[in-house]
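Below is one structure, written out as structure tokens; the observations come after it.
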Protein chains: 2
Amino acid sequence: MKQRATRQLGALYDALAASRDHPTAEQLFQRVRRVLPRISLGTIYRNLDKLREHGRLRVVRLAGGEARYDAMTAAHDHFVCDHCGDVVDLPRCGLTPSAAALRADGYEVHWHTTALYGVCKRCTSSHRGRGAGVAPRGRRAQAV
Amino acid sequence: MKQRATRQLGALYDALAASRDHPTAEQLFQRVRRVLPRISLGTIYRNLDKLREHGRLRVVRLAGGEARYDAMTAAHDHFVCDHCGDVVDLPRCGLTPSAAALRADGYEVHWHTTALYGVCKRCTSSHRGRGAGVAPRGRRAQAV
DNA sequence: CTTTCTGCAAACTCTTTGCACTCGT
DNA sequence: ACGAGTGCAAAGAGTTTGCAGAAAG
């Protein structure tokens with residue numbers, strides 16, 4: 001009934017907190033593996049879910065098939081590169097959206113986030129004409 | 001090399017345009033099936049991808065494992081119910097995000113969208129205490 | 001006729017889960 | 001010791017793809 005402090009959970013949170021790149025479960029798996037070589041991917045997922053339930057991380061599902069994980073810090077927004085899939089943190093955009101109207105209508109609004117989409121600096125420069133440059137990451141499913 | 005106007009593509013777009021509920025691929029499959037009973041799910045996915053490439057729809061990947069599709073109309077934002085998973089269209093929020101700063105820094109910003117998360121009206125009313133009410137849809141992976 | 005598209009089924013990717021065992025507390 | 005957590009491997013969703021035949025232009 002009670003949450004235990006296992007090495008696996010600790011190492012996972014450490015890896016996430018040390019990341020600035022919104023890693024996928026697989027990427028976290030590889031990083032935690034360097035500390036705990038016998039950890040399994042199933043455990044990564046189970047512990048990510050626990051951290052989420054406890055509000056210690058946010059699941060970022062901006063584009064592509066995989067979920068990305070973001071250690072919960074201050075509210076912020078995201079820029080997503082349509083070309084390479086990279087996600088960049090942005091300071092929280094100003095102005096609160098029309099939550100007031102929704103609340104008046106019987107909705108509970110807990111939080112919100114904005115995502116900007118486009119082409120990042122790195123891809124813009126290596127994107128001359130048509131050439132390869134940075135390989136597109138999430139070929140399908142451009143998302144909101 | 002050229003896009004053909006097949007019955008399947010037409011029926012799919014019609015079904016999407018007639019939808020107001022951000023259907024999943026599976027839901028669109030069921031709806032198109034009523035018109036073309038022999039259509040396959042693979043064709044649904046292939047044609048959704050074509051419509052996306054042509055800018056005729058937007059992929060909405062707000063929460064849960066499945067992509068949802070949104071016929072491209074005016075810019076708008078979304079409210080997502082954490083409880084039942086429903087997605088409601090909102091008028092575009094008034095906030096102009098910090099796109100200017102990004103552009104100045106060498107990024108191309110093509111578009112943006114805001115998602116609000118919370119509990120919808122329907123779930124709020126049938127959510128007294130603990131009881132069943134509306135069943136949660138996407139049990140895992142709350143997303144941005 | 002030529003080329004793209006379709007239906008089908010198998011393959012793939014990402015994520016979840018059952019089970020027997022391990023390890024925090 | 002008790003029970004939550006783990007590794008492993010198999011199962012599940014959701015999505016993609018190869019192929020032979022169908023159909024649009």
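Residues in the structure tokens are named by chain (A, B, ... in the order shown) and by number from 1 within that chain; ligands are numbered from 1 in the order shown.
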Can you superpose chain A onto chain B by least squares over all C-alpha atoms paired in order and give the moved copy as a tab-separated table (two decimals) with C-alpha atoms, in the first residue's frame?
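Okay, this is what ended up in out-v7.tsv:
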```tsv
chain	number	residue	atom	x	y	z
A	1	MET	CA	2.74	10.75	-59.19
A	2	LYS	CA	-0.63	12.39	-58.98
A	3	GLN	CA	-3.26	12.28	-56.28
A	4	ARG	CA	-6.32	10.32	-57.32
A	5	ALA	CA	-9.86	10.97	-56.22
A	6	THR	CA	-10.93	7.57	-54.99
A	7	ARG	CA	-14.20	6.76	-53.28
A	8	GLN	CA	-12.27	5.82	-50.17
A	9	LEU	CA	-10.51	9.14	-49.89
A	10	GLY	CA	-13.71	11.04	-50.52
A	11	ALA	CA	-15.75	9.06	-48.03
A	12	LEU	CA	-13.05	9.46	-45.42
A	13	TYR	CA	-12.91	13.19	-45.81
A	14	ASP	CA	-16.69	13.41	-45.72
A	15	ALA	CA	-16.79	11.41	-42.52
A	16	LEU	CA	-14.14	13.58	-40.95
A	17	ALA	CA	-15.72	16.83	-42.04
A	18	ALA	CA	-19.05	15.68	-40.62
A	19	SER	CA	-17.48	14.84	-37.26
A	20	ARG	CA	-17.35	17.16	-34.37
A	21	ASP	CA	-15.73	14.78	-31.92
A	22	HIS	CA	-12.10	14.49	-33.04
A	23	PRO	CA	-12.47	10.86	-34.04
A	24	THR	CA	-9.73	8.25	-33.88
A	25	ALA	CA	-8.71	6.26	-36.94
A	26	GLU	CA	-10.78	3.34	-35.68
A	27	GLN	CA	-13.87	5.52	-35.28
A	28	LEU	CA	-13.46	6.91	-38.78
A	29	PHE	CA	-13.03	3.36	-40.03
A	30	GLN	CA	-16.38	2.38	-38.53
A	31	ARG	CA	-18.11	5.42	-39.99
A	32	VAL	CA	-16.69	5.09	-43.48
A	33	ARG	CA	-17.52	1.42	-43.37
A	34	ARG	CA	-21.19	2.25	-43.38
A	35	VAL	CA	-20.70	3.71	-46.85
A	36	LEU	CA	-17.91	1.47	-48.13
A	37	PRO	CA	-18.18	-1.81	-46.24
A	38	ARG	CA	-15.04	-3.28	-47.77
A	39	ILE	CA	-12.63	-0.47	-46.87
A	40	SER	CA	-9.68	-1.51	-44.76
A	41	LEU	CA	-8.06	0.16	-41.80
A	42	GLY	CA	-4.78	0.37	-43.69
A	43	THR	CA	-6.48	2.52	-46.29
A	44	ILE	CA	-7.86	4.76	-43.58
A	45	TYR	CA	-4.37	5.37	-42.26
A	46	ARG	CA	-2.88	5.88	-45.71
A	47	ASN	CA	-5.54	8.38	-46.64
A	48	LEU	CA	-5.40	10.20	-43.33
A	49	ASP	CA	-1.72	10.67	-44.02
A	50	LYS	CA	-2.43	12.05	-47.47
A	51	LEU	CA	-4.97	14.47	-46.10
A	52	ARG	CA	-2.44	15.58	-43.53
A	53	GLU	CA	0.25	16.14	-46.16
A	54	HIS	CA	-2.21	18.24	-48.08
A	55	GLY	CA	-3.06	20.26	-45.00
A	56	ARG	CA	-6.67	19.12	-44.98
A	57	LEU	CA	-6.58	17.83	-41.44
A	58	ARG	CA	-4.65	18.13	-38.24
A	59	VAL	CA	-3.47	15.28	-36.08
A	60	VAL	CA	-4.41	15.80	-32.46
A	61	ARG	CA	-2.31	13.78	-30.05
A	62	LEU	CA	-3.37	15.25	-26.77
A	63	ALA	CA	-3.54	12.25	-24.47
A	64	GLY	CA	-3.81	8.50	-24.53
A	65	GLY	CA	-2.30	6.21	-27.06
A	66	GLU	CA	-4.38	7.00	-30.10
A	67	ALA	CA	-4.14	9.87	-32.50
A	68	ARG	CA	-7.27	11.87	-33.12
A	69	TYR	CA	-8.07	13.72	-36.31
A	70	ASP	CA	-9.50	17.14	-36.74
A	71	ALA	CA	-10.73	18.53	-40.06
A	72	MET	CA	-8.70	21.66	-40.59
A	73	THR	CA	-10.78	24.73	-40.22
A	74	ALA	CA	-10.00	27.95	-38.42
A	75	ALA	CA	-7.25	27.98	-35.81
A	76	HIS	CA	-8.62	26.89	-32.49
A	77	ASP	CA	-7.55	25.40	-29.20
A	78	HIS	CA	-8.69	22.39	-27.20
A	79	PHE	CA	-10.05	21.46	-23.85
A	80	VAL	CA	-9.30	17.87	-22.87
A	81	CYS	CA	-11.14	16.07	-20.11
A	82	ASP	CA	-8.71	14.14	-17.94
A	83	HIS	CA	-11.53	11.87	-16.92
A	84	CYS	CA	-13.36	10.80	-20.06
A	85	GLY	CA	-10.83	11.90	-22.67
A	86	ASP	CA	-13.27	14.03	-24.62
A	87	VAL	CA	-11.82	16.88	-26.62
A	88	VAL	CA	-13.76	20.11	-26.99
A	89	ASP	CA	-12.93	22.84	-29.45
A	90	LEU	CA	-12.33	26.28	-28.03
A	91	PRO	CA	-12.04	29.55	-29.86
A	92	ARG	CA	-8.42	30.50	-30.37
A	93	CYS	CA	-7.05	32.03	-27.20
A	94	GLY	CA	-6.02	35.63	-27.46
A	95	LEU	CA	-2.48	36.96	-27.54
A	96	THR	CA	0.29	35.50	-29.62
A	97	PRO	CA	2.90	33.63	-27.62
A	98	SER	CA	6.55	34.52	-27.55
A	99	ALA	CA	7.12	33.57	-31.17
A	100	ALA	CA	8.91	36.82	-31.85
A	101	ALA	CA	11.79	35.99	-29.53
A	102	LEU	CA	12.18	32.55	-31.09
A	103	ARG	CA	12.17	33.97	-34.59
A	104	ALA	CA	14.82	36.47	-33.62
A	105	ASP	CA	16.86	33.50	-32.45
A	106	GLY	CA	16.75	31.67	-35.78
A	107	TYR	CA	13.68	29.49	-35.37
A	108	GLU	CA	10.83	29.27	-37.83
A	109	VAL	CA	7.49	29.22	-36.06
A	110	HIS	CA	4.70	27.87	-38.22
A	111	TRP	CA	1.80	27.56	-35.84
A	112	HIS	CA	0.86	26.96	-32.26
A	113	THR	CA	-1.93	25.62	-30.18
A	114	THR	CA	-3.00	25.62	-26.59
A	115	ALA	CA	-4.57	22.76	-24.72
A	116	LEU	CA	-6.45	23.16	-21.46
A	117	TYR	CA	-6.83	20.13	-19.20
A	118	GLY	CA	-9.35	19.47	-16.49
A	119	VAL	CA	-12.70	17.79	-15.98
A	120	CYS	CA	-15.57	18.42	-18.34
A	121	LYS	CA	-19.06	19.44	-17.37
A	122	ARG	CA	-20.50	15.99	-17.89
A	123	CYS	CA	-17.86	14.29	-15.73
A	124	THR	CA	-18.06	16.94	-13.04
A	125	SER	CA	-21.74	16.25	-12.51
A	126	SER	CA	-21.45	12.45	-12.53
A	127	HIS	CA	-18.34	12.49	-10.39
A	128	ARG	CA	-19.82	12.73	-6.93
A	129	GLY	CA	-17.38	11.42	-4.34
A	130	ARG	CA	-15.78	8.49	-6.05
A	131	GLY	CA	-18.51	6.66	-7.91
A	132	ALA	CA	-18.35	5.35	-11.43
A	133	GLY	CA	-20.23	7.87	-13.54
A	134	VAL	CA	-18.40	8.23	-16.82
A	135	ALA	CA	-15.67	5.67	-17.26
A	136	PRO	CA	-12.17	7.04	-17.64
A	137	ARG	CA	-11.04	6.53	-21.18
A	138	GLY	CA	-7.29	6.92	-21.45
A	139	ARG	CA	-6.27	5.35	-18.16
A	140	ARG	CA	-2.61	6.02	-18.76
A	141	ALA	CA	-0.46	8.70	-20.24
A	142	GLN	CA	-1.90	12.03	-19.43
A	143	ALA	CA	-0.33	14.23	-22.00
A	144	VAL	CA	0.57	17.77	-22.93
```
Exercise. Mind listing the strand (DSSP E) residues of region 11-141 of chain A, per DSSP on the backbone, as an MDAnalysis selection string?
Key: chainID A and resid 57:60 68:71 76:81 87:91 108:119
Could you give me, as a tab-separated table, every chain C residue with an atom at most 8 Å from chain B, plus its closest atom pair and distance in Å to one decimal, counting only C-alpha atoms (C1' of nucleotides), rows ordered by chain then number?
```
residue	atom	partner	partner_atom	distance
C:DT3	C1'	B:Met1	CA	7.9
C:DT4	C1'	B:Arg4	CA	7.0
C:DC5	C1'	B:Thr6	CA	7.7
C:DT6	C1'	B:Thr43	CA	6.9
C:DG7	C1'	B:Ser40	CA	6.1
```
Per-residue nearest contacts chain D to chain A, cut-off 8 Å, using only C-alpha atoms (C1' of nucleotides), as JSON lines:
```
{"residue": "D:DA4", "atom": "C1'", "partner": "A:Arg4", "partner_atom": "CA", "distance": 7.0}
{"residue": "D:DG5", "atom": "C1'", "partner": "A:Thr6", "partner_atom": "CA", "distance": 7.6}
{"residue": "D:DT6", "atom": "C1'", "partner": "A:Thr43", "partner_atom": "CA", "distance": 6.9}
{"residue": "D:DG7", "atom": "C1'", "partner": "A:Ser40", "partner_atom": "CA", "distance": 6.0}
```
Convert the current residue selection to file output with all heavy atoms, as a PDB file, in the first residue's frame.
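The resulting out39.pdb:
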```pdb
ATOM      1  P    DA D   4       1.164  -4.253  -1.005  1.00  0.00           P
ATOM      2  OP1  DA D   4       0.118  -3.475  -0.332  1.00  0.00           O
ATOM      3  OP2  DA D   4       0.828  -5.339  -1.936  1.00  0.00           O
ATOM      4  O5'  DA D   4       2.143  -3.235  -1.721  1.00  0.00           O
ATOM      5  C5'  DA D   4       2.906  -2.324  -0.927  1.00  0.00           C
ATOM      6  C4'  DA D   4       4.233  -2.103  -1.591  1.00  0.00           C
ATOM      7  O4'  DA D   4       4.994  -3.327  -1.573  1.00  0.00           O
ATOM      8  C3'  DA D   4       4.134  -1.698  -3.049  1.00  0.00           C
ATOM      9  O3'  DA D   4       5.179  -0.787  -3.314  1.00  0.00           O
ATOM     10  C2'  DA D   4       4.331  -3.007  -3.800  1.00  0.00           C
ATOM     11  C1'  DA D   4       5.326  -3.712  -2.891  1.00  0.00           C
ATOM     12  N9   DA D   4       5.258  -5.162  -2.933  1.00  0.00           N
ATOM     13  C8   DA D   4       4.139  -5.946  -2.877  1.00  0.00           C
ATOM     14  N7   DA D   4       4.392  -7.236  -2.933  1.00  0.00           N
ATOM     15  C5   DA D   4       5.774  -7.297  -3.031  1.00  0.00           C
ATOM     16  C6   DA D   4       6.674  -8.377  -3.114  1.00  0.00           C
ATOM     17  N6   DA D   4       6.276  -9.656  -3.111  1.00  0.00           N
ATOM     18  N1   DA D   4       7.977  -8.092  -3.199  1.00  0.00           N
ATOM     19  C2   DA D   4       8.372  -6.804  -3.197  1.00  0.00           C
ATOM     20  N3   DA D   4       7.624  -5.703  -3.107  1.00  0.00           N
ATOM     21  C4   DA D   4       6.320  -6.026  -3.033  1.00  0.00           C
ATOM     22  P    DG D   5       5.431  -0.219  -4.729  1.00  0.00           P
ATOM     23  OP1  DG D   5       5.942   1.150  -4.562  1.00  0.00           O
ATOM     24  OP2  DG D   5       4.251  -0.510  -5.546  1.00  0.00           O
ATOM     25  O5'  DG D   5       6.639  -1.105  -5.261  1.00  0.00           O
ATOM     26  C5'  DG D   5       7.895  -1.036  -4.587  1.00  0.00           C
ATOM     27  C4'  DG D   5       8.925  -1.798  -5.382  1.00  0.00           C
ATOM     28  O4'  DG D   5       8.646  -3.203  -5.279  1.00  0.00           O
ATOM     29  C3'  DG D   5       8.929  -1.472  -6.871  1.00  0.00           C
ATOM     30  O3'  DG D   5      10.283  -1.344  -7.275  1.00  0.00           O
ATOM     31  C2'  DG D   5       8.242  -2.676  -7.509  1.00  0.00           C
ATOM     32  C1'  DG D   5       8.656  -3.782  -6.561  1.00  0.00           C
ATOM     33  N9   DG D   5       7.771  -4.938  -6.499  1.00  0.00           N
ATOM     34  C8   DG D   5       6.409  -4.943  -6.336  1.00  0.00           C
ATOM     35  N7   DG D   5       5.901  -6.153  -6.311  1.00  0.00           N
ATOM     36  C5   DG D   5       6.991  -6.990  -6.467  1.00  0.00           C
ATOM     37  C6   DG D   5       7.072  -8.408  -6.525  1.00  0.00           C
ATOM     38  O6   DG D   5       6.165  -9.229  -6.442  1.00  0.00           O
ATOM     39  N1   DG D   5       8.377  -8.837  -6.703  1.00  0.00           N
ATOM     40  C2   DG D   5       9.477  -8.018  -6.805  1.00  0.00           C
ATOM     41  N2   DG D   5      10.655  -8.611  -6.976  1.00  0.00           N
ATOM     42  N3   DG D   5       9.421  -6.692  -6.755  1.00  0.00           N
ATOM     43  C4   DG D   5       8.159  -6.254  -6.591  1.00  0.00           C
ATOM     44  P    DT D   6      10.708  -1.215  -8.763  1.00  0.00           P
ATOM     45  OP1  DT D   6      11.895  -0.350  -8.813  1.00  0.00           O
ATOM     46  OP2  DT D   6       9.497  -0.920  -9.538  1.00  0.00           O
ATOM     47  O5'  DT D   6      11.180  -2.693  -9.121  1.00  0.00           O
ATOM     48  C5'  DT D   6      12.330  -3.229  -8.449  1.00  0.00           C
ATOM     49  C4'  DT D   6      12.761  -4.505  -9.146  1.00  0.00           C
ATOM     50  O4'  DT D   6      11.755  -5.509  -8.914  1.00  0.00           O
ATOM     51  C3'  DT D   6      12.901  -4.343 -10.652  1.00  0.00           C
ATOM     52  O3'  DT D   6      14.212  -4.713 -11.050  1.00  0.00           O
ATOM     53  C2'  DT D   6      11.858  -5.279 -11.246  1.00  0.00           C
ATOM     54  C1'  DT D   6      11.498  -6.209 -10.101  1.00  0.00           C
ATOM     55  N1   DT D   6      10.061  -6.580 -10.051  1.00  0.00           N
ATOM     56  C2   DT D   6       9.725  -7.909 -10.091  1.00  0.00           C
ATOM     57  O2   DT D   6      10.550  -8.805 -10.170  1.00  0.00           O
ATOM     58  N3   DT D   6       8.378  -8.146 -10.042  1.00  0.00           N
ATOM     59  C4   DT D   6       7.359  -7.214  -9.956  1.00  0.00           C
ATOM     60  O4   DT D   6       6.186  -7.564  -9.906  1.00  0.00           O
ATOM     61  C5   DT D   6       7.792  -5.844  -9.921  1.00  0.00           C
ATOM     62  C7   DT D   6       6.774  -4.746  -9.824  1.00  0.00           C
ATOM     63  C6   DT D   6       9.110  -5.592  -9.969  1.00  0.00           C
ATOM     64  P    DG D   7      14.710  -4.461 -12.503  1.00  0.00           P
ATOM     65  OP1  DG D   7      16.127  -4.049 -12.416  1.00  0.00           O
ATOM     66  OP2  DG D   7      13.726  -3.614 -13.198  1.00  0.00           O
ATOM     67  O5'  DG D   7      14.628  -5.913 -13.135  1.00  0.00           O
ATOM     68  C5'  DG D   7      15.483  -6.946 -12.668  1.00  0.00           C
ATOM     69  C4'  DG D   7      15.184  -8.220 -13.433  1.00  0.00           C
ATOM     70  O4'  DG D   7      13.821  -8.619 -13.156  1.00  0.00           O
ATOM     71  C3'  DG D   7      15.291  -8.068 -14.957  1.00  0.00           C
ATOM     72  O3'  DG D   7      15.996  -9.204 -15.471  1.00  0.00           O
ATOM     73  C2'  DG D   7      13.834  -8.008 -15.422  1.00  0.00           C
ATOM     74  C1'  DG D   7      13.097  -8.801 -14.353  1.00  0.00           C
ATOM     75  N9   DG D   7      11.740  -8.341 -14.081  1.00  0.00           N
ATOM     76  C8   DG D   7      11.314  -7.039 -13.992  1.00  0.00           C
ATOM     77  N7   DG D   7      10.037  -6.933 -13.710  1.00  0.00           N
ATOM     78  C5   DG D   7       9.585  -8.243 -13.616  1.00  0.00           C
ATOM     79  C6   DG D   7       8.294  -8.750 -13.339  1.00  0.00           C
ATOM     80  O6   DG D   7       7.253  -8.130 -13.104  1.00  0.00           O
ATOM     81  N1   DG D   7       8.272 -10.135 -13.333  1.00  0.00           N
ATOM     82  C2   DG D   7       9.361 -10.939 -13.560  1.00  0.00           C
ATOM     83  N2   DG D   7       9.151 -12.248 -13.511  1.00  0.00           N
ATOM     84  N3   DG D   7      10.585 -10.473 -13.826  1.00  0.00           N
ATOM     85  C4   DG D   7      10.622  -9.126 -13.843  1.00  0.00           C
TER      86       DG D   7
END
```
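With C1' of DT16 (chain D) on one side and C1' of DA11 (chain C) on the other, the separation reads 8.2 Å.
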